[in-house]
Amino acid sequence: MSVADPPRRFGTFLSPAPAVRPSRTAELSGAQIIVLFAVLAIIACIPLITTPVPPLEDYANHLARMSVIANLAHDANLARFYELHWEIVPNLVMDLTVPHLARLVGVYSAGQVFLVSTFVLIMSGSMALHRALHGRWSMLPLIAFPLLYNRVFLIGVANYQFGIGLALWSLAAWVALREKAWPWRLAAAALAVTALFFCHLFALGVYGLGLLAFELWRLSGLRRGAWRGGILDFLAAGIPFLIIVPLMLKSPILKHAAGFEWESTGKIDGIAFTIEVYSDIVAFVLTGIVAVAALWVARHSLLRLHPVGLFVLGVGIVIYLALPRVLFDTYMADQRLPIALAFMTIACLHLDVRHRLVRRGFIGLVLILLLVRVIEVGLAWAPLSAATLEFRDSVKRIERGARVLVAYADQTGGQEVGDLGLVHAACLAIIERQALVTTAFTVEGKQIMHVRLPYRDQVDTEDGSPPSIDELIVTALRPDPDSTAYWRDWPQRFDYVYVLFTEDDADNPAPDLMTQVFDGGRFQLYRVGKARTAKATDTKATDTKAIDTKATGGTSGR
């Protein structure tokens, strides 16, 4: 029994074949589909290519770590603050690839290459899984291109996104090798499990979910007399996952095993995150267009679902409802799953495009959906990218090797989708000025970059929220000798303070403690101390007196 010819009781696909079909022409050839794929991929990647630092929440923080890995060995300032502990951490794909590329093309371009590669890997994985299930190449998975931009992507979980693409390819390999000799199948799965573990633990879970759904489908189609061997075959599919046991036992991620929290609220939001980006109206319109088109092709019996798709949805829904919101101290554990399920489900669909009208209509539909999504993202990223450039300009006012504390003017800041790119923007100071930044990801067991012991108590090592500016002022005016907060004694231990999510032209909240050196649209940069002698920075000022005069002037040009 081949995958393209499933158990007879299911039929080839779920939708019945129509009694009469209109005249048809040949489907697109493999070469034509590749050309169409390339065109759509280029269109989809335009915002990534044209934006040096995409406004994704965690992205700047990850990019800063890539810069440290690439330059630590020959940069004295970075070596003073940071160190690398290479461990078995299930979150390493960027760390193992991007720094090498950064040494050749720079860290910003290397990050863009990684994001573009992620898009290509996800879409090509969907195509490969469809080919393995249906036995033919098809245009249908191209409909998933607009889903590459989704709310989970905006959070900036780049390793997980890359892992989704790798999981799709791994599932395609399992399906393709299912009827081959078992050593080949298990060897390929063992390699996939190992690669996905180091990619992201949740991506490994996506692969396990897909493999479970596929094997359940096969098991359900067996005749009664074949159940004993079928169950043994089903259980054998789990053998490659035994590799996880020694990896987990050696991994420091187990230190975060207690970080577990289940929430019922937000489950609907997780589903909406697959189609939501910046505009609810755009998401609603795109969903409506796809729904109408799907109803039309289903009515004409042109759209069919491979039975594996039902098992993917069934298993996926059960797991999604059971998943906690926080797992291994990692947030959005459950809300990341629906987008992966969407790509897998689309790969299970098949559209009959032999009729010229259907083929042309489908291509036109995909182009329209993708263009609308790219335009939506482009329009949103234009002002956000300008804000990022403004932030990079402010970073140039920081002395090299400085210590930078990040605080919030508004503790609810960062919750709006338009503010995501600002949350970790201060980490650009690590790239540009080799600074110590309090919000850099340095959690033991989750990242391989750590802060050296003399400065470890000056940074957030728990992925918490930065203090408010009011907390900083209270701490400075009424010091608590028993405090263990990393921002205690901050006027003595930090050189600069970034205040994020400020109002326009906000006043200096502590003029006796800080001097403003840059006033941005949604942030402000302060030098700690009312009047300090500063070294010359990347600005053209070379006279120390001129620098001090500029620093005490209150506001720099935007």
# chains A, B, ... in the order shown; residues from 1 in each chain; ligands from 1
$ residues_around --residues "Glu376 in chain A" --least-positions-apart "5" --cutoff "9 Å" --atoms "only C-alpha atoms" --output "PDB file with N, CA, C and O atoms, in the first residue's frame"
ATOM      1  N   VAL A 277      -1.956  39.851  11.392  1.00  0.00           N
ATOM      2  CA  VAL A 277      -0.637  40.484  11.378  1.00  0.00           C
ATOM      3  C   VAL A 277      -0.785  41.874  11.987  1.00  0.00           C
ATOM      4  O   VAL A 277      -0.628  42.060  13.183  1.00  0.00           O
ATOM      5  N   TYR A 278      -1.116  42.856  11.180  1.00  0.00           N
ATOM      6  CA  TYR A 278      -1.274  44.213  11.705  1.00  0.00           C
ATOM      7  C   TYR A 278      -2.713  44.713  11.625  1.00  0.00           C
ATOM      8  O   TYR A 278      -3.161  45.429  12.499  1.00  0.00           O
ATOM      9  N   SER A 279      -3.428  44.356  10.571  1.00  0.00           N
ATOM     10  CA  SER A 279      -4.775  44.878  10.361  1.00  0.00           C
ATOM     11  C   SER A 279      -5.810  43.768  10.500  1.00  0.00           C
ATOM     12  O   SER A 279      -5.758  42.765   9.779  1.00  0.00           O
ATOM     13  N   VAL A 282      -7.776  43.520   7.181  1.00  0.00           N
ATOM     14  CA  VAL A 282      -7.101  42.740   6.139  1.00  0.00           C
ATOM     15  C   VAL A 282      -7.231  41.250   6.421  1.00  0.00           C
ATOM     16  O   VAL A 282      -7.518  40.454   5.523  1.00  0.00           O
ATOM     17  N   LEU A 371       0.046  39.610  -2.389  1.00  0.00           N
ATOM     18  CA  LEU A 371       0.325  41.032  -2.579  1.00  0.00           C
ATOM     19  C   LEU A 371      -0.347  41.871  -1.499  1.00  0.00           C
ATOM     20  O   LEU A 371       0.252  42.821  -0.974  1.00  0.00           O
ATOM     21  N   TRP A 381       5.593  48.323   8.219  1.00  0.00           N
ATOM     22  CA  TRP A 381       7.023  48.341   8.541  1.00  0.00           C
ATOM     23  C   TRP A 381       7.704  49.647   8.154  1.00  0.00           C
ATOM     24  O   TRP A 381       8.775  49.947   8.690  1.00  0.00           O
TER      25      TRP A 381
END
$ residues_around --residues "Asp457 in chain A" --least-positions-apart "2" --cutoff "7 Å" --atoms "only C-alpha atoms" --output "number ranges by chain"
A: 455, 459, 486
$ write_last_selection --atoms "N, CA and C atoms" --output "short mmCIF file (atom, residue, chain, number, x, y, z; two decimals), in the first residue's frame"
data_model
loop_
_atom_site.label_atom_id
_atom_site.label_comp_id
_atom_site.auth_asym_id
_atom_site.auth_seq_id
_atom_site.Cartn_x
_atom_site.Cartn_y
_atom_site.Cartn_z
N TYR A 455 29.57 41.13 36.36
CA TYR A 455 28.44 41.94 35.91
C TYR A 455 27.13 41.17 35.90
N VAL A 459 22.15 42.38 35.23
CA VAL A 459 21.29 42.11 34.08
C VAL A 459 20.13 41.21 34.51
N TYR A 486 18.38 43.67 39.98
CA TYR A 486 19.59 43.97 39.21
C TYR A 486 19.76 45.46 38.96
#
$ atom_distance --atom1 "CA of Asp460 in chain A" --atom2 "CA of Thr118 in chain A"
29.2 Å
$ residues_around --residues "Trp174 in chain A" --least-positions-apart "4" --cutoff "12 Å" --atoms "only C-alpha atoms" --output "compact mmCIF listing (two decimals) with N, CA, C and O atoms, in the first residue's frame"
# COMPACT_ATOMS: atom_id res chain seq x y z
N VAL A 3 1.52 5.50 -0.08
CA VAL A 3 0.88 6.66 0.55
C VAL A 3 -0.08 7.33 -0.40
O VAL A 3 -1.13 7.83 -0.01
N ALA A 128 6.94 19.69 -0.38
CA ALA A 128 7.50 18.34 -0.32
C ALA A 128 6.55 17.38 0.40
O ALA A 128 6.38 16.22 -0.02
N LEU A 129 5.91 17.84 1.48
CA LEU A 129 4.97 16.99 2.20
C LEU A 129 3.76 16.68 1.33
O LEU A 129 3.27 15.53 1.32
N ALA A 132 4.80 14.03 -1.12
CA ALA A 132 4.93 12.70 -0.52
C ALA A 132 3.56 12.07 -0.26
O ALA A 132 3.39 10.86 -0.43
N LEU A 133 2.58 12.88 0.13
CA LEU A 133 1.25 12.36 0.43
C LEU A 133 0.45 12.03 -0.82
O LEU A 133 -0.23 11.00 -0.88
N ALA A 167 10.64 20.57 10.20
CA ALA A 167 9.69 19.53 10.58
C ALA A 167 8.86 19.08 9.37
O ALA A 167 8.58 17.88 9.21
N LEU A 168 8.46 20.02 8.53
CA LEU A 168 7.70 19.66 7.33
C LEU A 168 8.52 18.79 6.40
O LEU A 168 8.03 17.78 5.86
N TRP A 169 9.78 19.15 6.19
CA TRP A 169 10.66 18.33 5.35
C TRP A 169 10.88 16.95 5.98
O TRP A 169 10.92 15.93 5.28
N SER A 170 11.01 16.89 7.29
CA SER A 170 11.22 15.61 7.97
C SER A 170 10.00 14.71 7.84
O SER A 170 10.12 13.49 7.65
N ARG A 178 8.19 5.49 4.01
CA ARG A 178 7.35 4.60 4.84
C ARG A 178 7.28 3.18 4.29
O ARG A 178 7.19 2.22 5.06
N GLU A 179 7.32 3.02 2.98
CA GLU A 179 7.24 1.69 2.38
C GLU A 179 8.62 1.12 2.07
O GLU A 179 8.72 0.05 1.48
N LYS A 180 9.67 1.84 2.42
CA LYS A 180 11.03 1.36 2.20
C LYS A 180 11.47 0.50 3.38
O LYS A 180 10.75 0.32 4.36
N ALA A 181 12.68 -0.02 3.31
CA ALA A 181 13.22 -0.82 4.39
C ALA A 181 13.28 0.01 5.67
O ALA A 181 13.67 1.18 5.65
N TRP A 182 12.89 -0.63 6.80
CA TRP A 182 12.76 0.12 8.04
C TRP A 182 14.05 0.77 8.52
O TRP A 182 14.00 1.84 9.14
N PRO A 183 15.25 0.21 8.28
CA PRO A 183 16.46 0.93 8.75
C PRO A 183 16.61 2.30 8.12
O PRO A 183 17.06 3.24 8.79
N TRP A 184 16.27 2.45 6.86
CA TRP A 184 16.37 3.75 6.21
C TRP A 184 15.40 4.74 6.85
O TRP A 184 15.74 5.90 7.09
N ARG A 185 14.19 4.25 7.08
CA ARG A 185 13.16 5.13 7.65
C ARG A 185 13.55 5.59 9.05
O ARG A 185 13.47 6.78 9.38
N LEU A 186 13.97 4.67 9.89
CA LEU A 186 14.32 5.02 11.26
C LEU A 186 15.58 5.85 11.34
O LEU A 186 15.70 6.74 12.20
N ALA A 187 16.53 5.59 10.43
CA ALA A 187 17.76 6.39 10.42
C ALA A 187 17.46 7.83 10.04
O ALA A 187 17.99 8.77 10.66
N ALA A 188 16.60 8.01 9.03
CA ALA A 188 16.23 9.37 8.61
C ALA A 188 15.48 10.07 9.73
O ALA A 188 15.69 11.27 9.99
N ALA A 189 14.60 9.34 10.43
CA ALA A 189 13.84 9.94 11.53
C ALA A 189 14.76 10.31 12.69
O ALA A 189 14.58 11.35 13.33
N ALA A 190 15.74 9.45 12.97
CA ALA A 190 16.68 9.75 14.06
C ALA A 190 17.48 11.02 13.76
O ALA A 190 17.71 11.85 14.64
N LEU A 191 17.88 11.17 12.50
CA LEU A 191 18.59 12.38 12.09
C LEU A 191 17.69 13.60 12.23
O LEU A 191 18.12 14.67 12.70
N ALA A 192 16.42 13.45 11.83
CA ALA A 192 15.47 14.56 11.94
C ALA A 192 15.23 14.95 13.39
O ALA A 192 15.19 16.14 13.73
N VAL A 193 15.07 13.96 14.26
CA VAL A 193 14.84 14.23 15.68
C VAL A 193 16.02 14.99 16.28
O VAL A 193 15.84 15.98 17.01
N TYR A 207 6.99 17.94 14.75
CA TYR A 207 7.33 16.73 13.99
C TYR A 207 6.69 15.50 14.61
O TYR A 207 6.12 14.66 13.91
N GLY A 208 6.78 15.40 15.93
CA GLY A 208 6.17 14.26 16.61
C GLY A 208 4.67 14.22 16.41
O GLY A 208 4.08 13.14 16.21
N GLY A 210 2.94 15.44 13.81
CA GLY A 210 2.66 15.03 12.43
C GLY A 210 2.90 13.55 12.21
O GLY A 210 2.12 12.86 11.53
N LEU A 211 3.99 13.02 12.78
CA LEU A 211 4.29 11.60 12.62
C LEU A 211 3.22 10.75 13.32
O LEU A 211 2.80 9.71 12.80
N LEU A 212 2.77 11.17 14.50
CA LEU A 212 1.72 10.46 15.21
C LEU A 212 0.44 10.43 14.40
O LEU A 212 -0.22 9.37 14.29
N PHE A 214 0.08 10.67 11.14
CA PHE A 214 0.24 9.82 9.97
C PHE A 214 0.17 8.34 10.34
O PHE A 214 -0.50 7.54 9.66
N GLU A 215 0.83 7.96 11.43
CA GLU A 215 0.84 6.56 11.83
C GLU A 215 -0.53 6.12 12.35
O GLU A 215 -0.93 4.96 12.17
N ALA A 237 7.71 3.40 15.39
CA ALA A 237 7.90 4.77 14.90
C ALA A 237 8.40 5.70 16.00
O ALA A 237 8.96 6.77 15.72
N PRO A 240 13.03 6.45 17.14
CA PRO A 240 13.96 7.58 16.95
C PRO A 240 13.87 8.64 18.03
O PRO A 240 14.85 9.36 18.29
$ residues_around --residues "Gly316 in chain A" --least-positions-apart "4" --cutoff "12 Å" --atoms "only C-alpha atoms" --output "ChimeraX atom specification"
/A:205-214,271,308-312,320-323,334-342,344-345
$ residues_around --residues "Glu261 in chain A" --least-positions-apart "5" --cutoff "7 Å" --atoms "only C-alpha atoms" --output "ChimeraX atom specification"
/A:324-327
$ select_by_dssp --residues "range 181-401 of chain A" --states "strand (DSSP E or B)" --output "list in words"
Phe260, Glu261, Leu303, Arg304, Leu305, Val326, Leu327, Thr330, Tyr331, Leu349, His350 and Leu351 of chain A
$ write_last_selection --atoms "N, CA, C and O atoms" --output "PDB file, in the first residue's frame"
ATOM      1  N   PHE A 260       5.872  25.881  34.284  1.00  0.00           N
ATOM      2  CA  PHE A 260       4.710  25.296  33.625  1.00  0.00           C
ATOM      3  C   PHE A 260       3.470  26.066  34.059  1.00  0.00           C
ATOM      4  O   PHE A 260       3.246  26.272  35.259  1.00  0.00           O
ATOM      5  N   GLU A 261       2.668  26.503  33.080  1.00  0.00           N
ATOM      6  CA  GLU A 261       1.453  27.252  33.423  1.00  0.00           C
ATOM      7  C   GLU A 261       0.429  27.081  32.306  1.00  0.00           C
ATOM      8  O   GLU A 261       0.685  27.449  31.160  1.00  0.00           O
ATOM      9  N   LEU A 303     -11.670  20.269  -4.806  1.00  0.00           N
ATOM     10  CA  LEU A 303     -10.812  20.321  -3.630  1.00  0.00           C
ATOM     11  C   LEU A 303     -11.008  19.059  -2.813  1.00  0.00           C
ATOM     12  O   LEU A 303     -12.133  18.697  -2.467  1.00  0.00           O
ATOM     13  N   ARG A 304      -9.916  18.375  -2.504  1.00  0.00           N
ATOM     14  CA  ARG A 304      -9.976  17.129  -1.768  1.00  0.00           C
ATOM     15  C   ARG A 304      -8.973  17.153  -0.617  1.00  0.00           C
ATOM     16  O   ARG A 304      -7.938  17.799  -0.712  1.00  0.00           O
ATOM     17  N   LEU A 305      -9.300  16.422   0.408  1.00  0.00           N
ATOM     18  CA  LEU A 305      -8.442  16.364   1.592  1.00  0.00           C
ATOM     19  C   LEU A 305      -7.943  14.939   1.792  1.00  0.00           C
ATOM     20  O   LEU A 305      -8.740  14.002   1.873  1.00  0.00           O
ATOM     21  N   VAL A 326       2.773  28.312  29.284  1.00  0.00           N
ATOM     22  CA  VAL A 326       4.196  28.403  29.610  1.00  0.00           C
ATOM     23  C   VAL A 326       4.732  26.987  29.794  1.00  0.00           C
ATOM     24  O   VAL A 326       4.182  26.203  30.572  1.00  0.00           O
ATOM     25  N   LEU A 327       5.775  26.655  29.072  1.00  0.00           N
ATOM     26  CA  LEU A 327       6.406  25.340  29.163  1.00  0.00           C
ATOM     27  C   LEU A 327       7.922  25.535  29.149  1.00  0.00           C
ATOM     28  O   LEU A 327       8.449  26.236  28.279  1.00  0.00           O
ATOM     29  N   THR A 330       9.035  28.993  28.917  1.00  0.00           N
ATOM     30  CA  THR A 330       8.922  29.625  27.604  1.00  0.00           C
ATOM     31  C   THR A 330       7.464  29.966  27.344  1.00  0.00           C
ATOM     32  O   THR A 330       6.595  29.084  27.400  1.00  0.00           O
ATOM     33  N   TYR A 331       7.204  31.226  27.060  1.00  0.00           N
ATOM     34  CA  TYR A 331       5.828  31.704  26.890  1.00  0.00           C
ATOM     35  C   TYR A 331       5.296  31.361  25.505  1.00  0.00           C
ATOM     36  O   TYR A 331       6.041  31.097  24.574  1.00  0.00           O
ATOM     37  N   LEU A 349      -4.131  18.989   1.503  1.00  0.00           N
ATOM     38  CA  LEU A 349      -5.160  19.313   0.516  1.00  0.00           C
ATOM     39  C   LEU A 349      -4.643  19.106  -0.898  1.00  0.00           C
ATOM     40  O   LEU A 349      -3.450  19.198  -1.155  1.00  0.00           O
ATOM     41  N   HIS A 350      -5.567  18.835  -1.802  1.00  0.00           N
ATOM     42  CA  HIS A 350      -5.214  18.723  -3.223  1.00  0.00           C
ATOM     43  C   HIS A 350      -6.294  19.399  -4.051  1.00  0.00           C
ATOM     44  O   HIS A 350      -7.492  19.215  -3.806  1.00  0.00           O
ATOM     45  N   LEU A 351      -5.865  20.175  -5.023  1.00  0.00           N
ATOM     46  CA  LEU A 351      -6.784  20.897  -5.897  1.00  0.00           C
ATOM     47  C   LEU A 351      -6.587  20.432  -7.326  1.00  0.00           C
ATOM     48  O   LEU A 351      -5.456  20.377  -7.821  1.00  0.00           O
TER      49      LEU A 351
END
$ atom_distance --atom1 "CA of Phe145 in chain A" --atom2 "CA of Leu216 in chain A"
28.5 Å
$ atom_distance --atom1 "CA of Ala110 in chain A" --atom2 "CA of Leu379 in chain A"
23.9 Å
$ residues_around --residues "Arg433 in chain A" --least-positions-apart "2" --cutoff "10 Å" --atoms "only C-alpha atoms" --output "mmCIF file with C-alpha atoms, in the first residue's frame"
data_model
loop_
_atom_site.group_PDB
_atom_site.id
_atom_site.type_symbol
_atom_site.label_atom_id
_atom_site.label_comp_id
_atom_site.auth_asym_id
_atom_site.auth_seq_id
_atom_site.Cartn_x
_atom_site.Cartn_y
_atom_site.Cartn_z
ATOM 1 C CA ASN A 77 34.572 45.231 25.310
ATOM 2 C CA LEU A 78 32.413 42.230 24.484
ATOM 3 C CA VAL A 395 22.828 54.115 19.952
ATOM 4 C CA LYS A 396 25.699 56.050 18.385
ATOM 5 C CA ARG A 397 25.529 58.480 21.322
ATOM 6 C CA ILE A 398 26.553 55.686 23.682
ATOM 7 C CA GLU A 399 30.209 55.217 24.573
ATOM 8 C CA ARG A 400 31.725 51.911 23.534
ATOM 9 C CA GLY A 401 31.773 49.375 26.335
ATOM 10 C CA ALA A 402 29.118 51.211 28.353
ATOM 11 C CA CYS A 427 20.135 45.288 22.300
ATOM 12 C CA LEU A 428 21.338 47.071 19.167
ATOM 13 C CA ALA A 429 23.783 48.748 21.549
ATOM 14 C CA ILE A 430 25.486 45.356 21.895
ATOM 15 C CA ILE A 431 25.991 45.224 18.122
ATOM 16 C CA ALA A 435 27.655 47.488 25.480
ATOM 17 C CA LEU A 436 26.248 45.586 28.423
ATOM 18 C CA THR A 537 31.654 58.926 20.321
ATOM 19 C CA ASP A 538 30.779 58.227 16.715
#
